[in-house]
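Here is run36.txt, consisting of compact mmCIF, C-alpha atoms:
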# COMPACT_ATOMS: atom_id res chain seq x y z
CA MET A 1 -5.11 -90.41 27.15
CA SER A 2 -1.70 -88.98 26.28
CA ILE A 3 -0.90 -85.29 26.69
CA GLY A 4 -0.70 -84.95 22.91
CA GLY A 5 -4.12 -86.52 22.50
CA LEU A 6 -5.52 -84.34 25.27
CA TRP A 7 -4.23 -81.20 23.56
CA ASN A 8 -5.54 -82.31 20.14
CA ARG A 9 -8.99 -82.86 21.62
CA ILE A 10 -9.25 -79.50 23.35
CA SER A 11 -7.69 -77.56 20.47
CA THR A 12 -10.40 -78.78 18.08
CA ALA A 13 -12.83 -76.61 20.01
CA PHE A 14 -11.12 -73.57 18.50
CA GLU A 15 -10.81 -74.73 14.90
CA ARG A 16 -12.98 -73.33 12.10
CA THR A 17 -15.18 -75.82 10.26
CA ASP A 18 -16.97 -73.38 8.02
CA ILE A 19 -14.12 -72.99 5.49
CA GLY A 20 -13.21 -75.78 3.06
CA ALA A 21 -9.82 -76.49 1.57
CA SER A 22 -10.51 -74.10 -1.31
CA GLY A 23 -11.84 -71.40 1.01
CA GLU A 24 -15.27 -71.52 -0.66
CA ILE A 25 -18.63 -72.01 0.97
CA GLU A 26 -20.40 -75.24 0.12
CA ASP A 27 -23.64 -75.02 -1.90
CA ASP A 28 -25.65 -78.21 -1.58
CA ALA A 29 -28.98 -76.87 -2.88
CA ARG A 30 -30.50 -76.67 0.61
CA GLY A 31 -32.19 -73.35 1.44
CA ASP A 32 -30.51 -69.94 1.20
CA GLU A 33 -30.26 -69.94 4.98
CA ASP A 34 -27.98 -73.00 4.77
CA LEU A 35 -25.49 -71.49 2.31
CA VAL A 36 -23.38 -70.11 5.18
CA ARG A 37 -22.69 -72.72 7.83
CA ARG A 38 -22.43 -71.70 11.44
CA THR A 39 -18.84 -71.20 12.70
CA ALA A 40 -17.80 -73.84 15.22
CA THR A 41 -15.34 -71.62 17.09
CA ARG A 42 -17.46 -71.85 20.23
CA TYR A 43 -14.73 -71.12 22.75
CA ALA A 44 -12.64 -68.65 20.78
CA PRO A 45 -13.91 -65.71 22.92
CA ILE A 46 -12.64 -67.48 26.04
CA ARG A 47 -9.24 -68.00 24.45
CA ARG A 48 -9.07 -64.36 23.34
CA ALA A 49 -10.04 -63.13 26.82
CA VAL A 50 -7.23 -65.14 28.44
CA GLU A 51 -4.69 -64.06 25.82
CA ARG A 52 -5.73 -60.40 26.10
CA ARG A 53 -5.47 -60.40 29.91
CA VAL A 54 -2.03 -62.03 29.84
CA ALA A 55 -0.84 -59.59 27.17
CA THR A 56 -1.94 -56.65 29.33
CA PHE A 57 -0.26 -58.22 32.37
CA LEU A 58 3.01 -58.58 30.46
CA ARG A 59 2.84 -55.05 29.13
CA GLU A 60 1.90 -53.32 32.40
CA ASP A 61 2.31 -55.32 35.62
CA VAL A 62 5.45 -57.22 34.65
CA VAL A 63 7.23 -54.19 33.24
CA SER A 64 6.39 -52.16 36.35
CA HIS A 65 7.52 -54.91 38.74
CA LEU A 66 10.81 -55.54 36.95
CA GLU A 67 11.87 -51.93 37.48
CA ILE A 68 12.57 -53.00 41.07
CA GLY A 69 12.52 -56.80 41.15
CA PHE A 70 14.60 -57.13 38.01
CA ASN A 71 15.81 -60.64 38.87
CA GLU A 72 12.39 -62.12 39.66
CA VAL A 73 9.97 -64.42 37.84
CA PHE A 74 6.19 -64.41 38.12
CA LEU A 75 4.79 -67.88 38.78
CA LEU A 76 1.24 -68.09 37.40
CA HIS A 77 -0.84 -70.56 39.44
CA TYR A 78 -4.52 -69.88 38.77
CA ILE A 79 -6.76 -68.07 36.28
CA GLU A 80 -10.26 -67.09 37.40
CA ILE A 81 -12.73 -66.31 34.63
CA ALA A 82 -16.24 -64.92 35.02
CA ALA A 83 -18.81 -64.16 32.34
CA ASP A 84 -21.64 -61.69 31.89
CA SER A 85 -25.12 -62.97 31.06
CA GLN A 86 -24.28 -63.25 27.37
CA GLY A 87 -21.22 -65.42 27.85
CA ALA A 88 -22.33 -67.42 30.90
CA ALA A 89 -23.74 -70.38 28.97
CA GLU A 90 -20.60 -70.81 26.84
CA LEU A 91 -18.38 -70.64 29.92
CA GLU A 92 -20.44 -73.27 31.74
CA GLN A 93 -20.29 -75.53 28.68
CA PHE A 94 -16.51 -75.05 28.42
CA LEU A 95 -15.93 -75.90 32.09
CA ASP A 96 -18.28 -78.89 31.89
CA GLU A 97 -16.75 -80.27 28.69
CA PHE A 98 -13.11 -80.12 29.72
CA SER A 99 -11.69 -81.47 32.97
CA PRO A 100 -9.52 -79.32 35.28
CA GLN A 101 -6.44 -81.22 34.09
CA ALA A 102 -7.33 -80.58 30.43
CA ARG A 103 -7.69 -76.86 31.13
CA VAL A 104 -4.28 -76.78 32.80
CA HIS A 105 -2.62 -78.37 29.78
CA TRP A 106 -4.50 -76.00 27.46
CA VAL A 107 -3.29 -72.88 29.29
CA GLN A 108 0.28 -74.17 29.44
CA LYS A 109 0.19 -74.95 25.72
CA LEU A 110 -1.53 -71.69 24.84
CA LEU A 111 0.64 -69.36 26.94
CA GLY A 112 3.94 -71.22 27.20
CA PRO A 113 5.52 -69.79 24.02
CA ALA A 114 4.21 -66.27 24.69
CA VAL A 115 4.91 -65.36 28.31
CA GLY A 116 8.69 -64.83 28.05
CA LYS A 117 11.44 -65.47 30.56
CA HIS A 118 9.93 -63.40 33.40
CA VAL A 119 6.65 -65.35 33.64
CA SER A 120 6.36 -69.10 34.17
CA VAL A 121 3.37 -71.41 33.63
CA ASP A 122 5.30 -74.54 34.68
CA GLU A 123 3.47 -74.60 38.03
CA PHE A 124 0.05 -73.56 36.67
CA LEU A 125 -2.68 -75.30 38.68
CA GLY A 126 -6.07 -74.44 37.26
CA LEU A 127 -8.56 -72.35 35.27
CA ASP A 128 -12.06 -72.06 36.70
CA LYS A 129 -14.79 -69.63 37.72
CA GLU A 130 -13.50 -69.46 41.29
CA PHE A 131 -11.07 -71.07 43.72
CA SER A 132 -11.13 -71.43 47.49
CA ALA A 133 -9.41 -68.89 49.71
CA GLU A 134 -7.13 -71.69 50.91
CA ALA A 135 -5.97 -72.44 47.37
CA LEU A 136 -5.25 -68.76 46.69
CA ALA A 137 -3.64 -68.08 50.08
CA GLU A 138 -0.08 -67.80 48.77
CA THR A 139 -0.89 -65.89 45.60
CA ASP A 140 -1.69 -62.29 44.70
CA PRO A 141 -4.55 -61.38 42.33
CA PHE A 142 -3.87 -59.32 39.22
CA GLU A 143 -7.04 -57.87 37.75
CA GLU A 144 -7.18 -55.47 34.82
CA SER A 145 -8.65 -52.06 35.64
CA LEU A 146 -11.48 -51.72 33.15
CA ASN A 147 -12.13 -48.25 31.78
CA GLN A 148 -14.42 -48.76 28.87
CA ALA A 149 -18.01 -48.08 27.95
CA ALA A 150 -19.08 -51.69 27.38
CA ALA A 151 -18.43 -54.42 29.94
CA PRO A 152 -16.30 -57.27 28.56
CA LEU A 153 -17.84 -60.64 27.77
CA TYR A 154 -15.35 -62.35 30.10
CA ARG A 155 -13.50 -61.02 33.14
CA VAL A 156 -10.15 -62.69 33.78
CA ILE A 157 -8.08 -62.52 37.00
CA LEU A 158 -4.56 -63.93 37.22
CA HIS A 159 -3.36 -65.37 40.53
CA GLY A 160 0.31 -66.01 41.19
CA ARG A 161 3.38 -64.82 43.04
CA TRP A 162 6.78 -63.34 42.35
CA ALA A 163 9.86 -65.40 43.17
CA SER A 164 13.57 -64.85 42.71
CA ALA A 165 14.81 -66.21 39.41
CA PRO A 166 16.89 -69.08 40.89
CA VAL A 167 13.68 -70.63 42.28
CA VAL A 168 12.47 -71.36 38.75
CA GLN A 169 14.94 -73.92 37.50
CA ALA A 170 15.10 -75.77 34.22
CA ALA A 171 12.82 -78.79 34.41
CA GLU A 172 15.42 -81.02 32.80
CA PRO A 173 18.83 -81.08 34.52
CA ALA A 174 21.74 -79.74 32.56
CA PRO A 175 24.53 -82.22 31.71
CA ALA A 176 26.79 -80.70 34.38
CA GLU A 177 24.06 -81.25 36.99
CA GLU A 178 23.60 -84.82 35.86
CA ALA A 179 27.34 -85.41 36.23
CA ALA A 180 27.14 -84.17 39.84
CA ARG A 181 24.54 -86.78 40.80
CA LEU A 182 25.91 -89.23 43.31
CA ALA A 183 25.03 -92.82 44.06
CA GLY A 184 23.38 -93.48 47.39
CA PRO A 185 21.37 -96.20 49.11
CA GLY A 186 18.35 -97.44 47.23
CA VAL A 187 15.18 -95.67 48.36
CA ARG A 188 11.78 -97.21 47.69
CA LEU A 189 8.85 -94.77 47.45
CA SER A 190 5.29 -96.05 47.90
CA VAL A 191 3.26 -93.40 46.09
CA GLN A 192 -0.47 -92.68 46.16
CA ASP A 193 -1.40 -89.91 43.72
CA ALA A 194 -3.75 -89.19 40.80
CA LYS A 195 -2.14 -92.06 38.87
CA SER A 196 -2.63 -94.55 41.68
CA PRO A 197 -5.37 -93.38 44.07
CA GLY A 198 -6.07 -96.94 45.19
CA ASP A 199 -3.15 -99.31 45.53
CA ALA A 200 0.17 -97.53 45.93
CA ARG A 201 2.64 -97.67 43.07
CA VAL A 202 6.34 -98.18 43.79
CA ALA A 203 9.23 -96.08 42.50
CA GLU A 204 12.89 -96.59 43.36
CA ILE A 205 15.76 -94.12 43.22
CA GLU A 206 19.48 -94.75 43.62
CA HIS A 207 21.11 -91.46 42.57
CA PHE A 208 20.88 -88.08 44.30
CA PRO A 209 19.74 -85.36 44.27
CA ALA A 210 16.41 -86.71 43.00
CA VAL A 211 13.56 -84.38 42.07
CA LEU A 212 9.94 -85.22 42.98
CA GLY A 213 7.24 -83.25 41.19
CA SER A 214 4.56 -83.07 38.50
CA SER A 215 7.04 -82.44 35.64
CA VAL A 216 7.57 -85.33 33.25
CA HIS A 217 11.29 -84.56 33.66
CA ALA A 218 11.25 -85.15 37.42
CA ASP A 219 13.09 -88.24 38.69
CA VAL A 220 9.82 -89.40 40.22
CA GLU A 221 6.68 -87.90 38.69
CA ILE A 222 4.03 -87.18 41.31
CA SER A 223 0.62 -86.50 39.79
CA GLY A 224 -1.70 -84.22 41.79
CA TYR A 225 -3.61 -80.97 41.44
CA TYR A 226 -1.50 -79.09 44.01
CA VAL A 227 1.89 -80.61 43.14
CA SER A 228 4.54 -78.23 41.74
CA ALA A 229 6.67 -79.14 38.73
CA ARG A 230 9.76 -79.44 40.98
CA HIS A 231 8.01 -79.88 44.31
CA CYS A 232 10.84 -81.17 46.48
CA THR A 233 14.24 -82.83 46.24
CA LEU A 234 15.75 -85.81 48.04
CA HIS A 235 19.45 -85.61 48.92
CA TRP A 236 21.89 -88.17 50.32
CA GLU A 237 24.56 -86.48 52.45
CA GLY A 238 26.44 -87.52 55.56
CA GLU A 239 24.93 -91.01 55.38
CA ARG A 240 21.46 -89.50 55.83
CA LEU A 241 18.48 -88.90 53.59
CA TRP A 242 17.33 -85.26 53.41
CA LEU A 243 14.33 -83.50 51.87
CA ALA A 244 14.33 -79.90 50.55
CA ASP A 245 11.05 -78.14 49.74
CA HIS A 246 10.70 -75.75 46.74
CA SER A 247 6.93 -75.89 46.28
CA THR A 248 4.07 -73.42 46.18
CA ASN A 249 1.59 -75.39 48.31
CA GLY A 250 4.02 -76.97 50.75
CA THR A 251 5.54 -80.33 51.70
CA TRP A 252 4.72 -82.15 54.96
CA VAL A 253 6.90 -84.74 56.69
CA ASP A 254 5.21 -86.91 59.32
CA GLY A 255 2.47 -84.32 59.77
CA GLU A 256 4.66 -81.22 60.04
CA ARG A 257 5.18 -78.67 57.26
CA VAL A 258 8.73 -78.18 55.98
CA GLN A 259 9.88 -74.58 55.89
CA ARG A 260 10.18 -73.50 52.27
CA GLY A 261 13.85 -73.48 51.22
CA ALA A 262 14.98 -75.56 54.20
CA ARG A 263 16.11 -79.20 54.38
CA ILE A 264 15.28 -81.76 57.02
CA ALA A 265 16.48 -85.31 57.65
CA LEU A 266 14.04 -88.14 56.94
CA ALA A 267 13.49 -91.19 59.10
CA ASN A 268 13.20 -94.59 57.46
CA GLY A 269 9.51 -94.91 56.58
CA ALA A 270 8.78 -91.16 56.75
CA LEU A 271 5.37 -90.07 55.41
CA ILE A 272 5.64 -87.23 52.88
CA GLY A 273 2.54 -85.20 51.97
CA PHE A 274 2.14 -82.86 48.99
CA GLY A 275 -0.07 -79.82 49.56
CA ARG A 276 -1.07 -80.83 53.10
CA ASP A 277 -0.10 -83.22 55.87
CA ARG A 278 -1.57 -86.35 54.25
CA GLY A 279 -3.55 -87.26 51.20
CA GLU A 280 -6.18 -89.54 52.79
CA ALA A 281 -8.91 -90.07 50.17
CA GLU A 282 -7.98 -87.05 48.03
CA TYR A 283 -4.77 -88.38 46.52
CA ASP A 284 -5.64 -86.82 43.16
CA ARG A 285 -5.28 -83.40 44.83
CA TYR A 286 -2.96 -84.07 47.77
CA PRO A 287 -0.67 -87.04 47.01
CA ALA A 288 1.31 -88.81 49.70
CA LEU A 289 4.17 -91.31 49.80
CA ARG A 290 6.33 -93.26 52.22
CA ALA A 291 10.11 -93.41 51.81
CA HIS A 292 11.89 -96.63 52.79
CA LEU A 293 15.64 -97.17 52.70
CA LEU A 294 16.59 -100.44 51.07
CA ARG A 295 19.65 -100.56 53.29
CA GLN A 296 20.16 -98.88 56.64
CA PRO A 297 22.45 -95.84 56.86
CA VAL A 298 25.83 -96.39 58.46
CA ALA A 299 25.62 -93.41 60.78
CA SER A 300 23.83 -93.94 64.07
CA GLY A 301 20.80 -91.87 64.95
CA ALA A 302 19.70 -91.46 61.36
CA SER A 303 16.27 -92.81 62.12
CA ALA A 304 15.36 -89.75 64.18
CA THR A 305 13.47 -87.35 61.93
CA PRO A 306 13.50 -83.70 62.97
CA VAL A 307 10.02 -82.77 61.77
CA ALA A 308 10.53 -79.02 61.89
CA PRO A 309 13.55 -76.96 60.82
CA SER A 310 15.67 -75.74 63.72
CA VAL A 311 18.85 -73.76 64.21
CA SER A 312 20.89 -76.85 63.33
CA THR A 313 18.86 -77.67 60.22
CA PRO A 314 20.82 -76.93 57.01
CA VAL A 315 19.16 -74.15 55.06
CA ALA A 316 19.04 -74.43 51.29
CA PRO A 317 20.75 -71.77 49.11
CA GLY A 318 18.63 -68.70 48.57
CA VAL A 319 18.18 -67.83 52.26
CA PRO A 320 20.95 -65.32 53.13
CA ALA A 321 23.32 -66.72 55.73
CA SER A 322 23.15 -63.46 57.71
CA ILE A 323 19.45 -63.94 58.44
CA PRO A 324 19.02 -65.94 61.65
CA VAL A 325 16.37 -68.67 61.56
CA HIS A 326 15.07 -69.40 65.06
CA ALA A 327 12.93 -72.29 66.17
CA ALA A 328 9.60 -71.19 67.60
CA GLU A 329 9.98 -70.91 71.40
CA ASN A 330 7.85 -69.55 74.22
CA ALA A 331 9.96 -66.42 74.66
CA PRO A 332 8.97 -63.75 72.10
CA LEU A 333 11.58 -61.59 70.39
CA ALA A 334 9.32 -58.53 70.07
CA VAL A 335 5.62 -57.63 70.06
CA LEU A 336 3.32 -56.21 67.38
CA ALA A 337 0.50 -53.88 68.43
CA ILE A 338 -2.07 -54.00 65.63
CA ALA A 339 -5.21 -52.20 64.51
CA ASP A 340 -6.98 -54.26 61.82
CA ALA A 341 -10.51 -55.18 60.76
CA THR A 342 -10.93 -57.47 63.79
CA GLY A 343 -9.95 -54.89 66.39
CA SER A 344 -6.65 -54.37 68.21
CA PRO A 345 -4.88 -57.72 68.48
CA ILE A 346 -1.38 -58.26 69.88
CA ARG A 347 1.02 -60.68 68.16
CA ASP A 348 4.28 -62.01 69.57
CA VAL A 349 7.21 -62.31 67.18
CA LEU A 350 8.32 -65.82 68.13
CA LYS A 351 10.74 -66.62 65.31
CA LEU A 352 12.66 -65.16 62.42
CA PRO A 353 11.93 -64.67 59.63
CA PHE A 354 8.45 -63.45 60.65
CA THR A 355 5.94 -62.83 57.85
CA ILE A 356 2.93 -60.51 57.71
CA GLY A 357 0.17 -60.70 55.08
CA ARG A 358 -3.26 -62.06 54.13
CA GLY A 359 -1.91 -65.47 53.10
CA SER A 360 -2.86 -68.33 55.41
CA ALA A 361 0.80 -69.36 55.74
CA GLN A 362 1.86 -66.01 57.25
CA ASP A 363 2.90 -65.69 60.90
CA TYR A 364 0.45 -62.81 61.35
CA VAL A 365 -2.51 -63.45 59.07
CA VAL A 366 -4.18 -60.15 58.19
CA PRO A 367 -8.01 -60.39 57.92
CA ASP A 368 -9.42 -60.66 54.40
CA ALA A 369 -11.42 -57.48 55.06
CA ASN A 370 -8.12 -55.56 54.85
CA GLN A 371 -7.88 -56.27 51.12
CA GLY A 372 -5.18 -53.70 50.46
CA VAL A 373 -2.65 -55.89 52.24
CA SER A 374 -0.77 -58.32 49.99
CA ARG A 375 -0.68 -62.08 50.58
CA GLU A 376 2.90 -61.66 51.83
CA HIS A 377 3.35 -57.99 52.65
CA LEU A 378 6.28 -57.75 55.08
CA VAL A 379 9.07 -60.05 56.24
CA ILE A 380 10.94 -59.28 59.47
CA GLU A 381 14.42 -60.72 58.95
CA GLU A 382 16.35 -59.55 62.00
CA ILE A 383 15.71 -57.80 65.33
CA ASN A 384 18.43 -55.70 66.97
CA ARG A 385 18.62 -52.87 69.49
CA SER A 386 17.27 -50.31 67.02
CA GLY A 387 14.32 -52.32 65.74
CA ALA A 388 13.66 -54.81 62.96
CA VAL A 389 15.35 -55.21 59.58
CA THR A 390 12.31 -55.61 57.34
CA VAL A 391 11.69 -56.50 53.68
CA ASN A 392 8.74 -54.65 52.13
CA LYS A 393 7.38 -57.07 49.53
CA ALA A 394 4.45 -54.79 48.68
CA VAL A 395 6.61 -51.82 47.72
CA SER A 396 5.22 -51.68 44.17
CA ARG A 397 1.62 -52.61 45.00
CA ASN A 398 -0.69 -51.07 47.60
CA GLY A 399 2.07 -49.60 49.68
CA THR A 400 3.66 -49.51 53.11
CA PHE A 401 3.88 -46.10 54.78
CA ALA A 402 5.41 -44.47 57.84
CA GLY A 403 3.59 -41.18 58.35
CA ASN A 404 2.92 -40.00 54.82
CA GLN A 405 6.14 -41.42 53.39
CA PRO A 406 6.26 -44.68 51.42
CA LEU A 407 8.82 -47.12 52.75
CA PRO A 408 11.48 -48.67 50.48
CA GLU A 409 11.99 -52.33 49.64
CA ARG A 410 14.22 -52.83 52.71
CA PHE A 411 14.05 -50.65 55.83
CA VAL A 412 14.66 -50.65 59.59
CA TRP A 413 11.37 -50.68 61.48
CA ARG A 414 12.19 -48.72 64.64
CA PHE A 415 10.70 -49.65 67.98
CA GLY A 416 7.62 -47.53 68.66
CA GLN A 417 7.20 -46.63 64.98
CA GLU A 418 3.73 -47.14 63.47
CA ILE A 419 3.54 -48.26 59.86
CA VAL A 420 0.44 -48.50 57.68
CA LEU A 421 -0.23 -51.39 55.27
CA GLY A 422 -2.46 -51.11 52.20
CA GLU A 423 -3.24 -47.41 52.52
CA ARG A 424 -3.65 -46.99 48.76
CA TRP A 425 -6.60 -49.39 48.64
CA ALA A 426 -9.73 -47.23 48.41
CA ASP A 427 -12.37 -49.89 49.16
CA ALA A 428 -10.93 -51.45 52.33
CA PRO A 429 -9.40 -50.16 55.58
CA PRO A 430 -5.62 -50.21 56.05
CA VAL A 431 -3.80 -52.03 58.84
CA ARG A 432 -1.75 -50.08 61.39
CA VAL A 433 1.07 -51.89 63.17
CA SER A 434 3.59 -50.77 65.81
CA LEU A 435 6.70 -52.71 66.78
CA ARG A 436 7.42 -52.81 70.50
CA PRO A 437 10.39 -54.22 72.42
CA LEU A 438 9.74 -56.75 75.15
CA LYS A 439 10.61 -54.36 77.98
CA GLU A 440 7.55 -52.22 77.15
CA THR A 441 5.22 -55.20 77.55
CA ALA A 442 6.76 -56.73 80.67
Go through the file and emit its structure as structure tokens.
Amino acid sequence: MSIGGLWNRISTAFERTDIGASGEIEDDARGDEDLVRRTATRYAPIRRAVERRVATFLREDVVSHLEIGFNEVFLLHYIEIAADSQGAAELEQFLDEFSPQARVHWVQKLLGPAVGKHVSVDEFLGLDKEFSAEALAETDPFEESLNQAAAPLYRVILHGRWASAPVVQAAEPAPAEEAARLAGPGVRLSVQDAKSPGDARVAEIEHFPAVLGSSVHADVEISGYYVSARHCTLHWEGERLWLADHSTNGTWVDGERVQRGARIALANGALIGFGRDRGEAEYDRYPALRAHLLRQPVASGASATPVAPSVSTPVAPGVPASIPVHAAENAPLAVLAIADATGSPIRDVLKLPFTIGRGSAQDYVVPDANQGVSREHLVIEEINRSGAVTVNKAVSRNGTFAGNQPLPERFVWRFGQEIVLGERWADAPPVRVSLRPLKETA
């Protein structure tokens, strides 16, 4: 079924059938009880609940965030919706009647014209009653604080993340970008995704850079539940094939995850996974493909694929050049002494940048019991003699404090200084962390 047909089908669930062309009620001499036909707008309350929550988010959360992160865009990935006893049956019927893919297209169609330039639904992944912790690991929840006498029929929670504006690019390349595309060796991609879960389909590309993603404007459209609109890009430079990751859920090359924003060289026949290391039998959720060069590169050694970014790996624009990116080694750079919901763990800072938060992709994963900590709360960018240059990504949310003072968006975390994460959260304990130099732990 085409996207247009899919949208026409789901939109009929919200159309009124009780009003004729003249606006009059039919009278067919049945009983008085049949003079007014029942309205067929079964799912209109669900639509209104989603629209109302998004409108509140735009009016409150977005405006507040943009006071500091003025050049950022909110990427909406999931919408969770729960119902009270009165609305439960309608919600179950809605979720049963329309597939996850249909709900995604509905939300994109419903919200696309309304969200404005600071919110994007291009990478929206699903609307449902709940999602796994793994799916929500790299997102933050935005739930409306309800202060009203009557509980709402539907409770809607938005899940997404803030990203710098350059990350969200136009889905269709501008003419100048098209002109910059260069010819390279033919690359044959054997793709297994939602379109071809059984036998692999073949796509070939000859001009670079080439975008792989779920957008219909991508050079190669990859269909899968966890595939971003512009998931990754293939480049041909220095007689080698490179991959750059821009995705929400990650790109894997030969079993190893690519650092977001970095580029790595691909071997001939490299296995690329979308959302996890390989698709296996779940290609509709986690597609996979193999990339084969139709002619061998001229440069020697091109078949060796560095499967993890290192110091010599080119870093894509957007990562400041002054921030050192170290490969993970045995020798730590500093040590974190922590008091969290699990006890008093110690974590070595093995590489930079080093991330702290509740998201599963963080270097120090904060326990879920410490709910006041954001999915990505802190990023240690640099360690020097004084301490650590640190970005406070939760500055406008549940807070990061030293003593009783809130810390700014960027600060120097001094050695021996204890900072507190999520102190504003009333229903969960905060996390206390001290940064220690190596000499204190020797």
Any idea what the distance is between CA of Val73 (chain A) and CA of Ser120 (chain A)? 7.0 Å
Closest to Leu66 (chain A) among A:Arg188, A:His231, A:Arg263, A:His118, using all atoms listed in the file?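 Using all atoms listed in the file, Leu66 (chain A) sits closest to A:His118.
Protein and nucleic acid residues near (15.7, -59.8, 53.8) are Glu381, Thr390 and Val391 of chain A, the criterion being any atom at most 7 Å away using all atoms listed in the file.
Atom pair CA of Pro100 (chain A) / CA of Ser223 (chain A): separated by 13.2 Å.
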Enter the distance from CA of Ser374 (chain A) to CA of Phe411 (chain A), in Å, rounded to one decimal.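 CA of Phe411 (chain A) lies at a distance of 17.7 Å from CA of Ser374 (chain A).
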At a cut-off of 10 Å, using only C-alpha atoms, what residues contact Arg410 (chain A)? Leave out same-chain residues fewer than 4 positions from it and give the result as a list in words. Leu378, Val379, Ile380, Val389, Thr390, Val391, Asn392, Lys393 and Val395 of chain A
Between A:Gly261, A:Pro152, A:Gly275, A:Gly112, which residue has the minimum interatomic distance to Ala135 (chain A), considering all atoms listed in the file? A:Gly275
Leaving out Asp122 (chain A) and any residue of its chain fewer than 5 positions from it, which residues lie within 9 Å of it when counting only C-alpha atoms, given as a list of chain:residue names?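 The contact residues come out as A:Leu75, A:Leu76, A:His77, A:Gln108, A:Gly112, A:Val168, A:Ala171, A:Ser215, A:Ser228, A:Ala229.
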Out of A:Thr400, A:Ala194, A:Arg436, A:Thr251, which residue has the shortest atom-to-atom distance to Gly357 (chain A) when counting all atoms listed in the file? A:Thr400
Show me the residues close to (-2.7, -68.5, 38.4) - anything with an atom within 12 Å, counting only C-alpha atoms - and format the list as a ChimeraX atom specification. /A:50,54,74-81,104,107-108,111,119-128,130-131,135-143,156-162,248
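Distances here use all atoms listed in the file; by that measure, the residue among A:Pro408, A:Gly416, A:Gly403, A:Gly372 closest to Pro430 (chain A) is A:Gly372.
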